[in-house]
Amino acid sequence: MSHSEEQQRMDAVVIQASGPPAESLAVRSEPVPEPGLGEVLIEVHAAAVNPLDAVNALGLLGTPLPEIPGGDFAGIVVSDGDRVGQEVWGSGPALGMALDGNRPGTHARFVALPEAWLSRKPERLTMAEAAAVGRSHWAAWESLINMMEIAPGETILITGGAGMVGQAATAIARWRGAEAIIAGRHRPDGVEQFIDTTSSDIREAVLELTDGRGADLVLDTVGGALFEPALRSLRYDGRMVGLHGGAEPIQLDLNEIYNRQLHVTGLATVFYDGSHVARIFDQFRALFDHGLLAPPAVKTWPLANSAEAYQTVLDGSAGIKQVLVPIDGGA
């Protein structure tokens, strides 16, 4: 590949120290990564900021610093080979974290990734929209389709349904012909079956909405105090996937699980293989290109404002995906 001398360096977001984004993040000139065997160089046109990236910047994941963070991306392959010029999208499960052998992340002008991690971008989506699908959608797909095997006619309770994973899970459930009940503090647009967690007993509300049967499935994106009422909302032999436990430990009567033969598991996205994730994005492509799924609402930021974008994610970005645009200042 031919790069002029000044292109050998690139702008990148770097976690320099642990702490709030305004203190921990800097945008600085870094060497363009060199693709290794079986890898390609991608010019990043858009890269979403996820809660995991923000938590990484806070220093809660133990990543050795300095590090370029970021897992989600949409861009163009620029290194020589079969894929040169191809528009690609995806998500590296542990990019920009210690878990992945400290591979630099996507919050930069360029990123080097294994070719097996790449998926062709849907034509209908802009780069920013494609980057916004990212981890939240594949976490929802892994939970609903691969782990719980959601079936048409089933009912799924989704806690924190207004969040990015909750929104994606609601859309995937509807596409599969399942019914979603959303539990949270805010009713998302277009949601009919909603339980206000500040004022309702979740289990009682679910039983009422399901004619006394209970939910077939639960996706718990919140954890903590919502775990037990969500678990108790399941029918006999029901299935539940949780994304994180919440800040405080909870106490639970195990008979809630054992006596009703419940299937409860967690999803740890950072331990997945990047090529497995790419195959999920391959399946997404047709769904987005045919308008069966829609990308989340997006707010774009130039790399120079990355600390602000990270802080917006930490503050709770109200169902809007924050996306960094490394090209041309993000105009």
# chains A, B, ... in the order shown; residues from 1 in each chain; ligands from 1

call {"tool": "select_by_dssp", "arguments": {"residues": "region 30-149 of chain A", "states": "alpha helix (DSSP H)", "output": "list of chain:residue names"}}
result
A:Pro51, A:Leu52, A:Asp53, A:Ala54, A:Val55, A:Asn56, A:Ala57, A:Leu58, A:Met127, A:Ala128, A:Glu129, A:Ala130, A:Ala131, A:Ala132, A:Val133, A:Gly134, A:Arg135, A:Ser136, A:His137, A:Trp138, A:Ala139, A:Ala140, A:Trp141

call {"tool": "residues_around", "arguments": {"residues": "region 209-213 of chain A", "least_positions_apart": "5", "cutoff": "12 Å", "atoms": "only C-alpha atoms", "output": "list in words"}}
result
Gly153, Glu154, Thr155, Ile156, Leu157, Glu179, Ala180, Ile181, Ile182, Glu192, Gln193, Phe194, Ile195, Ile202, Arg203, Glu204, Arg232, Ser233, Leu234, Arg235, Tyr236, Asp237 and Gly238 of chain A

call {"tool": "residues_around", "arguments": {"residues": "Ser306 (chain A)", "least_positions_apart": "3", "cutoff": "12 Å", "atoms": "only C-alpha atoms", "output": "ChimeraX atom specification"}}
result
/A:11-15,21-28,47-49,53-54,57,68-70,107-108,299-303,309-313,322-326,329-330

call {"tool": "write_last_selection", "arguments": {"atoms": "C-alpha atoms", "output": "PDB file, in the first residue's frame"}}
result
ATOM      1  CA  ASP A  11      -5.017  11.130  14.820  1.00  0.00           C
ATOM      2  CA  ALA A  12      -6.185   8.788  17.554  1.00  0.00           C
ATOM      3  CA  VAL A  13      -8.037   8.907  20.868  1.00  0.00           C
ATOM      4  CA  VAL A  14      -5.710   7.706  23.618  1.00  0.00           C
ATOM      5  CA  ILE A  15      -6.524   6.760  27.210  1.00  0.00           C
ATOM      6  CA  PRO A  21     -13.036  11.351  30.089  1.00  0.00           C
ATOM      7  CA  ALA A  22     -12.051  15.043  30.230  1.00  0.00           C
ATOM      8  CA  GLU A  23      -8.946  14.006  32.218  1.00  0.00           C
ATOM      9  CA  SER A  24      -8.230  10.510  30.892  1.00  0.00           C
ATOM     10  CA  LEU A  25      -8.586  11.008  27.119  1.00  0.00           C
ATOM     11  CA  ALA A  26      -6.360  12.866  24.680  1.00  0.00           C
ATOM     12  CA  VAL A  27      -6.391  13.102  20.894  1.00  0.00           C
ATOM     13  CA  ARG A  28      -2.861  12.848  19.618  1.00  0.00           C
ATOM     14  CA  ALA A  47     -16.728   4.363  15.353  1.00  0.00           C
ATOM     15  CA  ALA A  48     -19.370   4.208  18.086  1.00  0.00           C
ATOM     16  CA  VAL A  49     -18.649   4.888  21.753  1.00  0.00           C
ATOM     17  CA  ASP A  53     -15.361   2.054  26.164  1.00  0.00           C
ATOM     18  CA  ALA A  54     -16.335   4.692  28.732  1.00  0.00           C
ATOM     19  CA  ALA A  57     -11.445   5.096  30.121  1.00  0.00           C
ATOM     20  CA  ILE A  68      -6.329   3.468  21.855  1.00  0.00           C
ATOM     21  CA  PRO A  69      -9.874   2.411  22.846  1.00  0.00           C
ATOM     22  CA  GLY A  70     -12.926   1.485  20.767  1.00  0.00           C
ATOM     23  CA  HIS A 107     -11.217   5.310  17.927  1.00  0.00           C
ATOM     24  CA  ALA A 108      -8.566   6.416  15.449  1.00  0.00           C
ATOM     25  CA  LYS A 299     -25.107  11.861  17.113  1.00  0.00           C
ATOM     26  CA  THR A 300     -21.704  12.294  15.481  1.00  0.00           C
ATOM     27  CA  TRP A 301     -18.582  13.855  16.989  1.00  0.00           C
ATOM     28  CA  PRO A 302     -15.165  14.697  15.536  1.00  0.00           C
ATOM     29  CA  LEU A 303     -12.241  12.955  17.258  1.00  0.00           C
ATOM     30  CA  ALA A 309     -18.843  11.950  23.451  1.00  0.00           C
ATOM     31  CA  TYR A 310     -17.555   9.571  26.157  1.00  0.00           C
ATOM     32  CA  GLN A 311     -19.037  11.743  28.912  1.00  0.00           C
ATOM     33  CA  THR A 312     -22.401  11.767  27.104  1.00  0.00           C
ATOM     34  CA  VAL A 313     -22.364   7.943  27.166  1.00  0.00           C
ATOM     35  CA  GLN A 322     -22.655   8.544  20.130  1.00  0.00           C
ATOM     36  CA  VAL A 323     -20.402   8.027  17.098  1.00  0.00           C
ATOM     37  CA  LEU A 324     -16.903   9.365  16.469  1.00  0.00           C
ATOM     38  CA  VAL A 325     -16.113  10.393  12.880  1.00  0.00           C
ATOM     39  CA  PRO A 326     -12.315  10.404  12.393  1.00  0.00           C
ATOM     40  CA  GLY A 329     -12.826  16.416  11.403  1.00  0.00           C
ATOM     41  CA  GLY A 330     -16.170  14.655  11.499  1.00  0.00           C
TER      42      GLY A 330
END

call {"tool": "closest_residue", "arguments": {"among": "A:Met148, A:Ala171, A:Val264, A:Ile320", "to": "Leu231 (chain A)", "atoms": "only C-alpha atoms"}}
result
A:Val264

call {"tool": "residues_around", "arguments": {"residues": "Val32 (chain A)", "least_positions_apart": "5", "cutoff": "8 Å", "atoms": "only C-alpha atoms", "output": "list in words"}}
result
Gln7, Gln8, Arg9, Met10, Phe110 and Val111 of chain A

call {"tool": "write_last_selection", "arguments": {"atoms": "all heavy atoms", "output": "short mmCIF file (atom, residue, chain, number, x, y, z; two decimals), in the first residue's frame"}}
result
data_model
loop_
_atom_site.label_atom_id
_atom_site.label_comp_id
_atom_site.auth_asym_id
_atom_site.auth_seq_id
_atom_site.Cartn_x
_atom_site.Cartn_y
_atom_site.Cartn_z
N GLN A 7 1.20 10.51 6.04
CA GLN A 7 0.09 9.61 6.33
C GLN A 7 0.53 8.43 7.19
O GLN A 7 -0.28 7.61 7.56
CB GLN A 7 -0.53 9.08 5.03
CG GLN A 7 -1.41 10.12 4.35
CD GLN A 7 -1.97 9.59 3.05
OE1 GLN A 7 -1.23 9.13 2.19
NE2 GLN A 7 -3.28 9.65 2.90
N GLN A 8 1.83 8.34 7.49
CA GLN A 8 2.30 7.26 8.35
C GLN A 8 1.88 7.49 9.81
O GLN A 8 2.03 6.61 10.63
CB GLN A 8 3.82 7.12 8.26
CG GLN A 8 4.34 6.74 6.88
CD GLN A 8 3.84 5.38 6.43
OE1 GLN A 8 3.63 4.48 7.23
NE2 GLN A 8 3.62 5.22 5.14
N ARG A 9 1.41 8.67 10.09
CA ARG A 9 0.88 8.95 11.42
C ARG A 9 -0.59 9.31 11.30
O ARG A 9 -1.07 9.67 10.23
CB ARG A 9 1.69 10.07 12.11
CG ARG A 9 3.14 9.68 12.34
CD ARG A 9 3.87 10.64 13.24
NE ARG A 9 3.43 10.56 14.64
CZ ARG A 9 3.82 9.62 15.51
NH1 ARG A 9 4.63 8.65 15.12
NH2 ARG A 9 3.40 9.64 16.75
N MET A 10 -1.30 9.18 12.40
CA MET A 10 -2.75 9.40 12.35
C MET A 10 -3.22 10.02 13.66
O MET A 10 -2.57 9.89 14.69
CB MET A 10 -3.47 8.06 12.14
CG MET A 10 -3.26 7.10 13.31
SD MET A 10 -4.22 5.58 13.16
CE MET A 10 -3.79 4.77 14.74
N PHE A 110 -7.12 5.02 11.60
CA PHE A 110 -6.91 3.69 11.01
C PHE A 110 -6.89 2.63 12.10
O PHE A 110 -6.51 2.91 13.24
CB PHE A 110 -5.56 3.64 10.26
CG PHE A 110 -5.49 4.53 9.05
CD1 PHE A 110 -4.91 5.80 9.16
CD2 PHE A 110 -5.99 4.13 7.83
CE1 PHE A 110 -4.83 6.64 8.06
CE2 PHE A 110 -5.92 4.97 6.71
CZ PHE A 110 -5.34 6.23 6.83
N VAL A 111 -7.26 1.41 11.72
CA VAL A 111 -7.16 0.27 12.63
C VAL A 111 -6.77 -0.96 11.82
O VAL A 111 -7.20 -1.12 10.67
CB VAL A 111 -8.48 0.04 13.41
CG1 VAL A 111 -9.61 -0.42 12.49
CG2 VAL A 111 -8.28 -0.96 14.56
#

call {"tool": "closest_atom_pairs", "arguments": {"of": "region 278-314 of chain A", "to": "region 88-93 of chain A", "cutoff": "12 Å", "atoms": "only C-alpha atoms", "output": "Markdown table"}}
result
| residue | atom | partner | partner_atom | distance |
| --- | --- | --- | --- | --- |
| A:Ala278 | CA | A:Gly90 | CA | 6.2 |
| A:Arg279 | CA | A:Gly90 | CA | 9.5 |
| A:Ile280 | CA | A:Gly90 | CA | 9.0 |
| A:Phe281 | CA | A:Gly90 | CA | 6.4 |
| A:Asp282 | CA | A:Gly90 | CA | 9.1 |
| A:Gln283 | CA | A:Gly90 | CA | 11.6 |
| A:Phe284 | CA | A:Gly90 | CA | 10.3 |
| A:Arg285 | CA | A:Trp89 | CA | 9.6 |

call {"tool": "write_last_selection", "arguments": {"atoms": "all heavy atoms", "output": "PDB file, in the first residue's frame"}}
result
ATOM      1  N   ALA A 278     -18.311 -11.410  13.500  1.00  0.00           N
ATOM      2  CA  ALA A 278     -18.438 -10.996  12.091  1.00  0.00           C
ATOM      3  C   ALA A 278     -19.552 -11.768  11.391  1.00  0.00           C
ATOM      4  O   ALA A 278     -20.247 -11.213  10.525  1.00  0.00           O
ATOM      5  CB  ALA A 278     -17.114 -11.201  11.364  1.00  0.00           C
ATOM      6  N   ARG A 279     -19.750 -13.042  11.748  1.00  0.00           N
ATOM      7  CA  ARG A 279     -20.819 -13.838  11.122  1.00  0.00           C
ATOM      8  C   ARG A 279     -22.194 -13.316  11.548  1.00  0.00           C
ATOM      9  O   ARG A 279     -23.159 -13.396  10.786  1.00  0.00           O
ATOM     10  CB  ARG A 279     -20.674 -15.316  11.472  1.00  0.00           C
ATOM     11  CG  ARG A 279     -19.348 -15.973  11.075  1.00  0.00           C
ATOM     12  CD  ARG A 279     -19.065 -16.001   9.571  1.00  0.00           C
ATOM     13  NE  ARG A 279     -18.696 -14.715   8.977  1.00  0.00           N
ATOM     14  CZ  ARG A 279     -17.464 -14.198   9.018  1.00  0.00           C
ATOM     15  NH1 ARG A 279     -16.492 -14.828   9.647  1.00  0.00           N
ATOM     16  NH2 ARG A 279     -17.210 -13.048   8.418  1.00  0.00           N
ATOM     17  N   ILE A 280     -22.282 -12.770  12.764  1.00  0.00           N
ATOM     18  CA  ILE A 280     -23.538 -12.131  13.188  1.00  0.00           C
ATOM     19  C   ILE A 280     -23.796 -10.887  12.330  1.00  0.00           C
ATOM     20  O   ILE A 280     -24.912 -10.668  11.854  1.00  0.00           O
ATOM     21  CB  ILE A 280     -23.497 -11.773  14.686  1.00  0.00           C
ATOM     22  CG1 ILE A 280     -23.455 -13.055  15.531  1.00  0.00           C
ATOM     23  CG2 ILE A 280     -24.706 -10.907  15.081  1.00  0.00           C
ATOM     24  CD1 ILE A 280     -23.287 -12.821  17.015  1.00  0.00           C
ATOM     25  N   PHE A 281     -22.745 -10.099  12.085  1.00  0.00           N
ATOM     26  CA  PHE A 281     -22.901  -8.915  11.236  1.00  0.00           C
ATOM     27  C   PHE A 281     -23.263  -9.308   9.804  1.00  0.00           C
ATOM     28  O   PHE A 281     -24.012  -8.600   9.135  1.00  0.00           O
ATOM     29  CB  PHE A 281     -21.637  -8.049  11.279  1.00  0.00           C
ATOM     30  CG  PHE A 281     -21.569  -7.176  12.504  1.00  0.00           C
ATOM     31  CD1 PHE A 281     -20.980  -7.638  13.682  1.00  0.00           C
ATOM     32  CD2 PHE A 281     -22.109  -5.909  12.497  1.00  0.00           C
ATOM     33  CE1 PHE A 281     -20.938  -6.849  14.823  1.00  0.00           C
ATOM     34  CE2 PHE A 281     -22.069  -5.108  13.637  1.00  0.00           C
ATOM     35  CZ  PHE A 281     -21.489  -5.578  14.796  1.00  0.00           C
ATOM     36  N   ASP A 282     -22.743 -10.442   9.342  1.00  0.00           N
ATOM     37  CA  ASP A 282     -23.140 -10.942   8.017  1.00  0.00           C
ATOM     38  C   ASP A 282     -24.650 -11.181   7.970  1.00  0.00           C
ATOM     39  O   ASP A 282     -25.306 -10.889   6.970  1.00  0.00           O
ATOM     40  CB  ASP A 282     -22.425 -12.260   7.694  1.00  0.00           C
ATOM     41  CG  ASP A 282     -20.953 -12.070   7.343  1.00  0.00           C
ATOM     42  OD1 ASP A 282     -20.539 -10.923   7.065  1.00  0.00           O
ATOM     43  OD2 ASP A 282     -20.216 -13.082   7.342  1.00  0.00           O
ATOM     44  N   GLN A 283     -25.215 -11.731   9.046  1.00  0.00           N
ATOM     45  CA  GLN A 283     -26.656 -11.987   9.090  1.00  0.00           C
ATOM     46  C   GLN A 283     -27.436 -10.674   9.199  1.00  0.00           C
ATOM     47  O   GLN A 283     -28.528 -10.549   8.637  1.00  0.00           O
ATOM     48  CB  GLN A 283     -26.992 -12.913  10.259  1.00  0.00           C
ATOM     49  CG  GLN A 283     -26.432 -14.317  10.068  1.00  0.00           C
ATOM     50  CD  GLN A 283     -26.668 -15.192  11.284  1.00  0.00           C
ATOM     51  OE1 GLN A 283     -27.759 -15.713  11.472  1.00  0.00           O
ATOM     52  NE2 GLN A 283     -25.648 -15.340  12.119  1.00  0.00           N
ATOM     53  N   PHE A 284     -26.869  -9.709   9.907  1.00  0.00           N
ATOM     54  CA  PHE A 284     -27.516  -8.403  10.025  1.00  0.00           C
ATOM     55  C   PHE A 284     -27.638  -7.698   8.671  1.00  0.00           C
ATOM     56  O   PHE A 284     -28.596  -6.977   8.423  1.00  0.00           O
ATOM     57  CB  PHE A 284     -26.710  -7.471  10.948  1.00  0.00           C
ATOM     58  CG  PHE A 284     -27.016  -7.630  12.409  1.00  0.00           C
ATOM     59  CD1 PHE A 284     -26.003  -7.522  13.358  1.00  0.00           C
ATOM     60  CD2 PHE A 284     -28.311  -7.847  12.851  1.00  0.00           C
ATOM     61  CE1 PHE A 284     -26.276  -7.646  14.713  1.00  0.00           C
ATOM     62  CE2 PHE A 284     -28.594  -7.968  14.197  1.00  0.00           C
ATOM     63  CZ  PHE A 284     -27.571  -7.870  15.130  1.00  0.00           C
ATOM     64  N   ARG A 285     -26.624  -7.894   7.796  1.00  0.00           N
ATOM     65  CA  ARG A 285     -26.549  -7.094   6.572  1.00  0.00           C
ATOM     66  C   ARG A 285     -27.864  -7.134   5.787  1.00  0.00           C
ATOM     67  O   ARG A 285     -28.415  -6.096   5.425  1.00  0.00           O
ATOM     68  CB  ARG A 285     -25.390  -7.556   5.691  1.00  0.00           C
ATOM     69  CG  ARG A 285     -25.245  -6.710   4.418  1.00  0.00           C
ATOM     70  CD  ARG A 285     -23.946  -6.986   3.686  1.00  0.00           C
ATOM     71  NE  ARG A 285     -23.811  -8.378   3.311  1.00  0.00           N
ATOM     72  CZ  ARG A 285     -22.921  -9.227   3.855  1.00  0.00           C
ATOM     73  NH1 ARG A 285     -22.082  -8.796   4.784  1.00  0.00           N
ATOM     74  NH2 ARG A 285     -22.861 -10.476   3.462  1.00  0.00           N
TER      75      ARG A 285
END

call {"tool": "residues_around", "arguments": {"residues": "Arg83 (chain A)", "least_positions_apart": "6", "cutoff": "9 Å", "atoms": "only C-alpha atoms", "output": "NGL selection string"}}
result
:A and (40 or 77 or 115)

call {"tool": "write_last_selection", "arguments": {"atoms": "N, CA, C and O atoms", "output": "PDB file, in the first residue's frame"}}
result
ATOM      1  N   VAL A  40      -5.809  -6.810   7.863  1.00  0.00           N
ATOM      2  CA  VAL A  40      -5.945  -5.736   6.879  1.00  0.00           C
ATOM      3  C   VAL A  40      -5.973  -4.397   7.616  1.00  0.00           C
ATOM      4  O   VAL A  40      -6.289  -4.346   8.806  1.00  0.00           O
ATOM      5  N   VAL A  77     -11.470  -0.820   3.599  1.00  0.00           N
ATOM      6  CA  VAL A  77     -10.190  -1.533   3.596  1.00  0.00           C
ATOM      7  C   VAL A  77      -9.231  -0.798   2.655  1.00  0.00           C
ATOM      8  O   VAL A  77      -9.564  -0.552   1.490  1.00  0.00           O
ATOM      9  N   GLU A 115      -8.596 -10.239   9.057  1.00  0.00           N
ATOM     10  CA  GLU A 115      -9.551 -10.240   7.951  1.00  0.00           C
ATOM     11  C   GLU A 115     -10.818 -11.014   8.311  1.00  0.00           C
ATOM     12  O   GLU A 115     -11.919 -10.677   7.880  1.00  0.00           O
TER      13      GLU A 115
END

call {"tool": "closest_residue", "arguments": {"among": "A:Glu129, A:Asp315, A:Glu39, A:Asp216", "to": "Pro152 (chain A)", "atoms": "only C-alpha atoms"}}
result
A:Asp216

call {"tool": "residues_around", "arguments": {"residues": "region 223-226 of chain A", "least_positions_apart": "4", "cutoff": "9 Å", "atoms": "only C-alpha atoms", "output": "number ranges by chain"}}
result
A: 159, 197, 202, 230-231, 242-250

call {"tool": "select_by_dssp", "arguments": {"residues": "region 243-327 of chain A", "states": "strand (DSSP E or B)", "output": "list in words"}}
result
His263, Val264, Thr265, Gly266, Ala297, Val298, Lys299, Thr300, Trp301, Pro302, Ile320, Lys321, Gln322, Val323, Leu324 and Val325 of chain A

call {"tool": "write_last_selection", "arguments": {"atoms": "C-alpha atoms", "output": "PDB file, in the first residue's frame"}}
result
ATOM      1  CA  HIS A 263     -32.355 -21.284  32.718  1.00  0.00           C
ATOM      2  CA  VAL A 264     -30.265 -18.278  33.788  1.00  0.00           C
ATOM      3  CA  THR A 265     -27.023 -17.274  32.120  1.00  0.00           C
ATOM      4  CA  GLY A 266     -24.841 -14.239  31.560  1.00  0.00           C
ATOM      5  CA  ALA A 297     -30.529   7.378  16.225  1.00  0.00           C
ATOM      6  CA  VAL A 298     -27.013   8.794  15.928  1.00  0.00           C
ATOM      7  CA  LYS A 299     -25.107  11.861  17.113  1.00  0.00           C
ATOM      8  CA  THR A 300     -21.704  12.294  15.481  1.00  0.00           C
ATOM      9  CA  TRP A 301     -18.582  13.855  16.989  1.00  0.00           C
ATOM     10  CA  PRO A 302     -15.165  14.697  15.536  1.00  0.00           C
ATOM     11  CA  ILE A 320     -28.982   7.867  20.950  1.00  0.00           C
ATOM     12  CA  LYS A 321     -25.703   6.286  19.811  1.00  0.00           C
ATOM     13  CA  GLN A 322     -22.655   8.544  20.130  1.00  0.00           C
ATOM     14  CA  VAL A 323     -20.402   8.027  17.098  1.00  0.00           C
ATOM     15  CA  LEU A 324     -16.903   9.365  16.469  1.00  0.00           C
ATOM     16  CA  VAL A 325     -16.113  10.393  12.880  1.00  0.00           C
TER      17      VAL A 325
END

call {"tool": "closest_residue", "arguments": {"among": "A:Gly160, A:Thr269, A:Asp253, A:Ser200", "to": "Val222 (chain A)", "atoms": "only C-alpha atoms"}}
result
A:Gly160

call {"tool": "closest_residue", "arguments": {"among": "A:Met164, A:Leu144, A:Ala205, A:Leu292", "to": "Leu219 (chain A)", "atoms": "only C-alpha atoms"}}
result
A:Leu144

call {"tool": "closest_residue", "arguments": {"among": "A:Gly163, A:Pro64, A:Gly85, A:Pro35", "to": "Gln16 (chain A)", "atoms": "only C-alpha atoms"}}
result
A:Pro64

call {"tool": "atom_distance", "arguments": {"atom1": "CA of Ala74 (chain A)", "atom2": "CA of Gly105 (chain A)"}}
result
12.6 Å

call {"tool": "atom_distance", "arguments": {"atom1": "CA of Ala139 (chain A)", "atom2": "CA of Val165 (chain A)"}}
result
6.9 Å

call {"tool": "residues_around", "arguments": {"residues": "Arg124 (chain A)", "least_positions_apart": "5", "cutoff": "9 Å", "atoms": "only C-alpha atoms", "output": "PyMOL selection string"}}
result
chain A and resi 288-291

call {"tool": "write_last_selection", "arguments": {"atoms": "all heavy atoms", "output": "PDB file, in the first residue's frame"}}
result
ATOM      1  N   PHE A 288     -30.799  -5.248   7.551  1.00  0.00           N
ATOM      2  CA  PHE A 288     -30.736  -3.790   7.428  1.00  0.00           C
ATOM      3  C   PHE A 288     -30.959  -3.348   5.983  1.00  0.00           C
ATOM      4  O   PHE A 288     -31.648  -2.364   5.721  1.00  0.00           O
ATOM      5  CB  PHE A 288     -29.407  -3.255   7.970  1.00  0.00           C
ATOM      6  CG  PHE A 288     -29.362  -3.192   9.472  1.00  0.00           C
ATOM      7  CD1 PHE A 288     -28.792  -4.224  10.214  1.00  0.00           C
ATOM      8  CD2 PHE A 288     -29.902  -2.117  10.156  1.00  0.00           C
ATOM      9  CE1 PHE A 288     -28.765  -4.181  11.600  1.00  0.00           C
ATOM     10  CE2 PHE A 288     -29.884  -2.060  11.544  1.00  0.00           C
ATOM     11  CZ  PHE A 288     -29.314  -3.099  12.265  1.00  0.00           C
ATOM     12  N   ASP A 289     -30.392  -4.089   5.031  1.00  0.00           N
ATOM     13  CA  ASP A 289     -30.562  -3.707   3.623  1.00  0.00           C
ATOM     14  C   ASP A 289     -32.006  -3.834   3.154  1.00  0.00           C
ATOM     15  O   ASP A 289     -32.443  -3.118   2.265  1.00  0.00           O
ATOM     16  CB  ASP A 289     -29.619  -4.534   2.725  1.00  0.00           C
ATOM     17  CG  ASP A 289     -28.274  -3.844   2.508  1.00  0.00           C
ATOM     18  OD1 ASP A 289     -28.204  -2.622   2.713  1.00  0.00           O
ATOM     19  OD2 ASP A 289     -27.305  -4.529   2.117  1.00  0.00           O
ATOM     20  N   HIS A 290     -32.756  -4.759   3.760  1.00  0.00           N
ATOM     21  CA  HIS A 290     -34.167  -4.915   3.391  1.00  0.00           C
ATOM     22  C   HIS A 290     -35.110  -4.123   4.302  1.00  0.00           C
ATOM     23  O   HIS A 290     -36.331  -4.273   4.217  1.00  0.00           O
ATOM     24  CB  HIS A 290     -34.557  -6.398   3.395  1.00  0.00           C
ATOM     25  CG  HIS A 290     -33.900  -7.184   2.298  1.00  0.00           C
ATOM     26  ND1 HIS A 290     -32.998  -8.202   2.544  1.00  0.00           N
ATOM     27  CD2 HIS A 290     -33.997  -7.070   0.952  1.00  0.00           C
ATOM     28  CE1 HIS A 290     -32.572  -8.683   1.382  1.00  0.00           C
ATOM     29  NE2 HIS A 290     -33.163  -8.018   0.405  1.00  0.00           N
ATOM     30  N   GLY A 291     -34.537  -3.327   5.208  1.00  0.00           N
ATOM     31  CA  GLY A 291     -35.365  -2.478   6.062  1.00  0.00           C
ATOM     32  C   GLY A 291     -36.110  -3.240   7.151  1.00  0.00           C
ATOM     33  O   GLY A 291     -37.052  -2.714   7.748  1.00  0.00           O
TER      34      GLY A 291
END

call {"tool": "atom_distance", "arguments": {"atom1": "CA of Asp220 (chain A)", "atom2": "CA of Ala162 (chain A)"}}
result
12.2 Å
